[in-house]
$ cat my_file_26.pdb   # PDB, C-alpha atoms, pLDDT in the B column
ATOM      1  CA  MET A  28     -41.707 102.852  20.321  1.00 56.00           C
ATOM      2  CA  PRO A  29     -45.010 104.617  21.037  1.00 75.00           C
ATOM      3  CA  ALA A  30     -44.795 108.319  20.188  1.00 86.00           C
ATOM      4  CA  ILE A  31     -47.578 109.366  22.547  1.00 93.00           C
ATOM      5  CA  GLU A  32     -46.886 107.928  26.011  1.00 95.00           C
ATOM      6  CA  VAL A  33     -46.689 109.109  29.624  1.00 96.00           C
ATOM      7  CA  GLY A  34     -43.346 110.841  30.196  1.00 97.00           C
ATOM      8  CA  ARG A  35     -42.711 111.718  26.530  1.00 97.00           C
ATOM      9  CA  ILE A  36     -41.288 115.216  26.029  1.00 96.00           C
ATOM     10  CA  CYS A  37     -43.103 117.113  23.270  1.00 96.00           C
ATOM     11  CA  VAL A  38     -43.077 120.542  21.654  1.00 95.00           C
ATOM     12  CA  LYS A  39     -46.304 122.554  21.493  1.00 94.00           C
ATOM     13  CA  THR A  40     -46.954 123.509  17.857  1.00 93.00           C
ATOM     14  CA  THR A  41     -49.953 125.819  18.234  1.00 91.00           C
ATOM     15  CA  GLY A  42     -51.307 128.420  20.626  1.00 90.00           C
ATOM     16  CA  ARG A  43     -49.599 130.996  22.793  1.00 92.00           C
ATOM     17  CA  GLU A  44     -47.179 128.351  24.112  1.00 92.00           C
ATOM     18  CA  ALA A  45     -46.067 127.277  20.599  1.00 92.00           C
ATOM     19  CA  GLY A  46     -42.420 126.283  20.505  1.00 94.00           C
ATOM     20  CA  ARG A  47     -42.215 125.466  24.213  1.00 95.00           C
ATOM     21  CA  LYS A  48     -41.510 121.974  25.530  1.00 96.00           C
ATOM     22  CA  CYS A  49     -43.875 119.977  27.715  1.00 96.00           C
ATOM     23  CA  VAL A  50     -44.250 116.489  29.201  1.00 97.00           C
ATOM     24  CA  ILE A  51     -47.218 114.151  28.686  1.00 97.00           C
ATOM     25  CA  VAL A  52     -48.629 113.347  32.133  1.00 97.00           C
ATOM     26  CA  ASP A  53     -51.742 111.326  31.242  1.00 97.00           C
ATOM     27  CA  LEU A  54     -53.528 109.865  28.217  1.00 96.00           C
ATOM     28  CA  ILE A  55     -57.181 110.972  28.201  1.00 96.00           C
ATOM     29  CA  ASP A  56     -58.397 109.261  25.003  1.00 95.00           C
ATOM     30  CA  GLU A  57     -57.196 108.660  21.443  1.00 93.00           C
ATOM     31  CA  ASN A  58     -57.238 112.405  20.653  1.00 95.00           C
ATOM     32  CA  PHE A  59     -56.348 114.181  23.908  1.00 97.00           C
ATOM     33  CA  VAL A  60     -53.538 114.094  26.472  1.00 97.00           C
ATOM     34  CA  LEU A  61     -52.793 115.967  29.696  1.00 97.00           C
ATOM     35  CA  ILE A  62     -49.518 117.915  29.555  1.00 97.00           C
ATOM     36  CA  THR A  63     -47.459 120.116  31.848  1.00 96.00           C
ATOM     37  CA  GLY A  64     -44.275 122.151  31.439  1.00 92.00           C
ATOM     38  CA  PRO A  65     -44.079 122.481  34.441  1.00 92.00           C
ATOM     39  CA  ARG A  66     -44.967 126.146  34.191  1.00 93.00           C
ATOM     40  CA  GLN A  67     -42.039 127.423  36.313  1.00 94.00           C
ATOM     41  CA  LEU A  68     -39.587 125.548  34.050  1.00 94.00           C
ATOM     42  CA  SER A  69     -40.816 125.903  30.460  1.00 94.00           C
ATOM     43  CA  GLY A  70     -43.855 128.188  30.740  1.00 93.00           C
ATOM     44  CA  VAL A  71     -46.447 125.556  29.745  1.00 95.00           C
ATOM     45  CA  LYS A  72     -49.460 125.289  32.038  1.00 95.00           C
ATOM     46  CA  ARG A  73     -50.949 121.908  32.991  1.00 96.00           C
ATOM     47  CA  ARG A  74     -53.763 121.401  30.481  1.00 96.00           C
ATOM     48  CA  LYS A  75     -55.607 119.038  28.176  1.00 97.00           C
ATOM     49  CA  VAL A  76     -54.435 119.302  24.538  1.00 97.00           C
ATOM     50  CA  ASN A  77     -55.218 117.646  21.236  1.00 96.00           C
ATOM     51  CA  ILE A  78     -52.402 115.349  20.114  1.00 95.00           C
ATOM     52  CA  LYS A  79     -52.413 117.191  16.767  1.00 94.00           C
ATOM     53  CA  HIS A  80     -51.120 120.287  18.612  1.00 94.00           C
ATOM     54  CA  ILE A  81     -47.960 118.660  19.993  1.00 95.00           C
ATOM     55  CA  GLU A  82     -44.921 117.134  18.322  1.00 94.00           C
ATOM     56  CA  PRO A  83     -43.177 114.302  20.216  1.00 95.00           C
ATOM     57  CA  THR A  84     -39.386 114.373  20.641  1.00 94.00           C
ATOM     58  CA  ASP A  85     -37.073 111.395  21.136  1.00 94.00           C
ATOM     59  CA  LYS A  86     -36.684 112.094  24.882  1.00 95.00           C
ATOM     60  CA  VAL A  87     -38.660 110.416  27.679  1.00 96.00           C
ATOM     61  CA  VAL A  88     -38.629 110.956  31.460  1.00 96.00           C
ATOM     62  CA  LYS A  89     -39.735 108.253  33.873  1.00 96.00           C
ATOM     63  CA  ILE A  90     -42.875 109.462  35.697  1.00 97.00           C
ATOM     64  CA  PRO A  91     -46.023 107.714  36.939  1.00 96.00           C
ATOM     65  CA  ARG A  92     -49.324 108.356  35.163  1.00 96.00           C
ATOM     66  CA  GLY A  93     -50.979 111.512  36.530  1.00 94.00           C
ATOM     67  CA  ALA A  94     -47.778 112.775  38.202  1.00 95.00           C
ATOM     68  CA  GLY A  95     -47.831 116.214  39.831  1.00 94.00           C
ATOM     69  CA  ASP A  96     -45.674 119.127  38.678  1.00 94.00           C
ATOM     70  CA  GLU A  97     -43.160 118.533  41.502  1.00 95.00           C
ATOM     71  CA  GLU A  98     -42.689 114.890  40.452  1.00 95.00           C
ATOM     72  CA  VAL A  99     -42.253 115.898  36.793  1.00 96.00           C
ATOM     73  CA  LEU A 100     -39.741 118.609  37.718  1.00 95.00           C
ATOM     74  CA  LYS A 101     -37.751 116.123  39.835  1.00 96.00           C
ATOM     75  CA  ALA A 102     -37.724 113.548  36.985  1.00 96.00           C
ATOM     76  CA  ILE A 103     -36.506 116.191  34.511  1.00 96.00           C
ATOM     77  CA  GLU A 104     -33.689 117.232  36.871  1.00 95.00           C
ATOM     78  CA  GLU A 105     -32.668 113.578  37.443  1.00 96.00           C
ATOM     79  CA  ALA A 106     -32.544 113.001  33.673  1.00 95.00           C
ATOM     80  CA  GLY A 107     -30.384 116.126  33.251  1.00 96.00           C
ATOM     81  CA  LEU A 108     -32.857 117.754  30.851  1.00 95.00           C
ATOM     82  CA  THR A 109     -33.489 121.054  32.681  1.00 94.00           C
ATOM     83  CA  ASP A 110     -31.661 123.222  30.115  1.00 95.00           C
ATOM     84  CA  TYR A 111     -33.222 121.228  27.243  1.00 95.00           C
ATOM     85  CA  MET A 112     -36.719 121.963  28.595  1.00 94.00           C
ATOM     86  CA  LYS A 113     -36.004 125.705  28.899  1.00 94.00           C
ATOM     87  CA  GLU A 114     -35.026 126.006  25.211  1.00 93.00           C
ATOM     88  CA  VAL A 115     -37.733 127.447  22.969  1.00 92.00           C
ATOM     89  CA  VAL A 116     -38.009 125.836  19.555  1.00 89.00           C
ATOM     90  CA  LYS A 117     -38.930 128.105  16.667  1.00 79.00           C
ATOM     91  CA  PRO A 118     -42.221 126.781  15.245  1.00 61.00           C
ATOM     92  CA  LYS A 119     -42.084 125.724  11.605  1.00 63.00           C
ATOM     93  CA  LEU A 120     -43.873 128.207   9.382  1.00 61.00           C
ATOM     94  CA  SER A 121     -45.754 127.099   6.312  1.00 55.00           C
ATOM     95  CA  PRO A 122     -44.341 128.430   3.020  1.00 59.00           C
ATOM     96  CA  VAL A 123     -45.928 131.605   1.716  1.00 59.00           C
ATOM     97  CA  LYS A 124     -47.751 131.159  -1.591  1.00 59.00           C
TER      98      LYS A 124
END
$ encode --input "my_file_26.pdb" --output "structure tokens"
Amino acid sequence: MPAIEVGRICVKTTGREAGRKCVIVDLIDENFVLITGPRQLSGVKRRKVNIKHIEPTDKVVKIPRGAGDEEVLKAIEEAGLTDYMKEVVKPKLSPVK
């Protein structure tokens, strides 16, 4: 099972959107992917991110490569994951030394 694939739901681990869920829309190269929330659903804008800044989950939605926000939103609704996408995950904090 590839962890980084089109349609994989991930959690952003860094930045202002940390803890919010997103969907991988396209693979740019071995280090970067294109993600979207979509913004109206989870608050994550469509953007290019480093794969080190996202954490894949076990959930996948069926979308074509390069799908638009409307297509992604429709696929999420069909999979019944709308409420799952709206949940904000608390980012893991490193232990204080």
$ closest_residue --input "my_file_26.pdb" --among "A:Asp96, A:Asp56, A:Glu114, A:Glu44" --to "Ile78 (chain A)" --atoms "all atoms listed in the file"
A:Asp56
$ resolve_selection --input "my_file_26.pdb" --expression "the PyMOL selection byres ((chain A and resi 117) around 12)" --output "ChimeraX atom specification"
/A:38-41,44-48,114-116,118-120
$ atom_distance --input "my_file_26.pdb" --atom1 "CA of Pro91 (chain A)" --atom2 "CA of Gly34 (chain A)"
7.9 Å
$ closest_residue --input "my_file_26.pdb" --among "A:Gly93, A:Pro65, A:Gly42, A:Gly107" --to "Lys79 (chain A)" --atoms "only C-alpha atoms"
A:Gly42
$ atom_distance --input "my_file_26.pdb" --atom1 "CA of Ile55 (chain A)" --atom2 "CA of Thr109 (chain A)"
26.1 Å
$ residues_near_point --input "my_file_26.pdb" --point "(-43.2, 124.1, 27.0)" --cutoff "6 Å" --atoms "only C-alpha atoms" --output "list in words"
Arg47, Lys48, Cys49, Gly64, Ser69, Gly70 and Val71 of chain A
$ closest_residue --input "my_file_26.pdb" --among "A:Ile90, A:Glu82, A:Lys101, A:Lys113" --to "Cys37 (chain A)" --atoms "all atoms listed in the file"
A:Glu82
$ resolve_selection --input "my_file_26.pdb" --expression "the PyMOL selection byres ((chain A and resi 62) around 6)" --output "list in words"
Val50, Ile51, Val52, Leu61, Thr63, Arg73 and Arg74 of chain A
$ residues_around --input "my_file_26.pdb" --residues "Val60 (chain A)" --least-positions-apart "3" --cutoff "6 Å" --atoms "only C-alpha atoms" --output "tab-separated table (two decimals) with C-alpha atoms, keeping the file's coordinate frame"
chain	number	residue	atom	x	y	z
A	53	ASP	CA	-51.74	111.33	31.24
A	54	LEU	CA	-53.53	109.86	28.22
A	55	ILE	CA	-57.18	110.97	28.20
A	75	LYS	CA	-55.61	119.04	28.18
A	76	VAL	CA	-54.44	119.30	24.54
$ residues_near_point --input "my_file_26.pdb" --point "(-37.9, 107.4, 29.7)" --cutoff "12 Å" --atoms "only C-alpha atoms" --output "PyMOL selection string"
chain A and resi 28-30+32-36+50-51+84-91+99+102-103+105-106+108
$ write_last_selection --input "my_file_26.pdb" --atoms "C-alpha atoms" --output "mmCIF file, in the frame of the given file"
data_model
loop_
_atom_site.group_PDB
_atom_site.id
_atom_site.type_symbol
_atom_site.label_atom_id
_atom_site.label_comp_id
_atom_site.auth_asym_id
_atom_site.auth_seq_id
_atom_site.Cartn_x
_atom_site.Cartn_y
_atom_site.Cartn_z
ATOM 1 C CA MET A 28 -41.707 102.852 20.321
ATOM 2 C CA PRO A 29 -45.010 104.617 21.037
ATOM 3 C CA ALA A 30 -44.795 108.319 20.188
ATOM 4 C CA GLU A 32 -46.886 107.928 26.011
ATOM 5 C CA VAL A 33 -46.689 109.109 29.624
ATOM 6 C CA GLY A 34 -43.346 110.841 30.196
ATOM 7 C CA ARG A 35 -42.711 111.718 26.530
ATOM 8 C CA ILE A 36 -41.288 115.216 26.029
ATOM 9 C CA VAL A 50 -44.250 116.489 29.201
ATOM 10 C CA ILE A 51 -47.218 114.151 28.686
ATOM 11 C CA THR A 84 -39.386 114.373 20.641
ATOM 12 C CA ASP A 85 -37.073 111.395 21.136
ATOM 13 C CA LYS A 86 -36.684 112.094 24.882
ATOM 14 C CA VAL A 87 -38.660 110.416 27.679
ATOM 15 C CA VAL A 88 -38.629 110.956 31.460
ATOM 16 C CA LYS A 89 -39.735 108.253 33.873
ATOM 17 C CA ILE A 90 -42.875 109.462 35.697
ATOM 18 C CA PRO A 91 -46.023 107.714 36.939
ATOM 19 C CA VAL A 99 -42.253 115.898 36.793
ATOM 20 C CA ALA A 102 -37.724 113.548 36.985
ATOM 21 C CA ILE A 103 -36.506 116.191 34.511
ATOM 22 C CA GLU A 105 -32.668 113.578 37.443
ATOM 23 C CA ALA A 106 -32.544 113.001 33.673
ATOM 24 C CA LEU A 108 -32.857 117.754 30.851
#
$ axis_aligned_box --input "my_file_26.pdb" --around "region 69-86 of chain A" --padding-each-side "8 Å" --output "lines of an AutoDock Vina configuration file"
center_x = -46.1
center_y = 119.8
center_z = 24.9
size_x = 34.9
size_y = 32.8
size_z = 32.2
$ atom_distance --input "my_file_26.pdb" --atom1 "CA of Gly95 (chain A)" --atom2 "CA of Ile31 (chain A)"
18.6 Å
$ closest_residue --input "my_file_26.pdb" --among "A:Gln67, A:Glu57, A:Lys72, A:Asn77" --to "Leu100 (chain A)" --atoms "all atoms listed in the file"
A:Gln67
$ decode --input "my_file_26.pdb" --residues "region 37-51 of chain A" --atoms "N, CA and C atoms" --output "PDB file, in the first residue's frame"
ATOM      1  N   CYS A  37      -4.611  12.987   4.348  1.00  0.00           N
ATOM      2  CA  CYS A  37      -3.462  13.217   5.228  1.00  0.00           C
ATOM      3  C   CYS A  37      -3.796  14.291   6.255  1.00  0.00           C
ATOM      4  N   VAL A  38      -2.931  14.417   7.244  1.00  0.00           N
ATOM      5  CA  VAL A  38      -3.042  15.469   8.248  1.00  0.00           C
ATOM      6  C   VAL A  38      -1.821  16.360   8.099  1.00  0.00           C
ATOM      7  N   LYS A  39      -2.038  17.676   8.009  1.00  0.00           N
ATOM      8  CA  LYS A  39      -0.924  18.618   7.950  1.00  0.00           C
ATOM      9  C   LYS A  39      -0.271  18.653   9.330  1.00  0.00           C
ATOM     10  N   THR A  40       1.056  18.569   9.378  1.00  0.00           N
ATOM     11  CA  THR A  40       1.756  18.534  10.664  1.00  0.00           C
ATOM     12  C   THR A  40       2.455  19.842  10.999  1.00  0.00           C
ATOM     13  N   THR A  41       2.624  20.721  10.019  1.00  0.00           N
ATOM     14  CA  THR A  41       3.303  21.988  10.270  1.00  0.00           C
ATOM     15  C   THR A  41       2.533  23.137   9.625  1.00  0.00           C
ATOM     16  N   GLY A  42       2.877  24.345  10.018  1.00  0.00           N
ATOM     17  CA  GLY A  42       2.269  25.531   9.433  1.00  0.00           C
ATOM     18  C   GLY A  42       0.975  25.934  10.107  1.00  0.00           C
ATOM     19  N   ARG A  43       0.362  26.968   9.579  1.00  0.00           N
ATOM     20  CA  ARG A  43      -0.865  27.495  10.185  1.00  0.00           C
ATOM     21  C   ARG A  43      -2.037  26.536  10.065  1.00  0.00           C
ATOM     22  N   GLU A  44      -1.957  25.580   9.146  1.00  0.00           N
ATOM     23  CA  GLU A  44      -3.032  24.599   8.957  1.00  0.00           C
ATOM     24  C   GLU A  44      -2.725  23.287   9.680  1.00  0.00           C
ATOM     25  N   ALA A  45      -1.760  23.274  10.578  1.00  0.00           N
ATOM     26  CA  ALA A  45      -1.364  22.051  11.293  1.00  0.00           C
ATOM     27  C   ALA A  45      -2.557  21.452  12.025  1.00  0.00           C
ATOM     28  N   GLY A  46      -2.714  20.148  11.880  1.00  0.00           N
ATOM     29  CA  GLY A  46      -3.808  19.444  12.529  1.00  0.00           C
ATOM     30  C   GLY A  46      -5.044  19.296  11.661  1.00  0.00           C
ATOM     31  N   ARG A  47      -5.071  19.968  10.523  1.00  0.00           N
ATOM     32  CA  ARG A  47      -6.232  19.879   9.633  1.00  0.00           C
ATOM     33  C   ARG A  47      -5.991  18.797   8.574  1.00  0.00           C
ATOM     34  N   LYS A  48      -7.078  18.209   8.106  1.00  0.00           N
ATOM     35  CA  LYS A  48      -6.983  17.125   7.127  1.00  0.00           C
ATOM     36  C   LYS A  48      -7.030  17.668   5.703  1.00  0.00           C
ATOM     37  N   CYS A  49      -6.362  16.964   4.809  1.00  0.00           N
ATOM     38  CA  CYS A  49      -6.310  17.356   3.405  1.00  0.00           C
ATOM     39  C   CYS A  49      -6.254  16.098   2.538  1.00  0.00           C
ATOM     40  N   VAL A  50      -6.404  16.292   1.231  1.00  0.00           N
ATOM     41  CA  VAL A  50      -6.377  15.183   0.276  1.00  0.00           C
ATOM     42  C   VAL A  50      -5.270  15.448  -0.735  1.00  0.00           C
ATOM     43  N   ILE A  51      -4.477  14.427  -1.044  1.00  0.00           N
ATOM     44  CA  ILE A  51      -3.437  14.557  -2.069  1.00  0.00           C
ATOM     45  C   ILE A  51      -4.116  14.520  -3.438  1.00  0.00           C
TER      46      ILE A  51
END
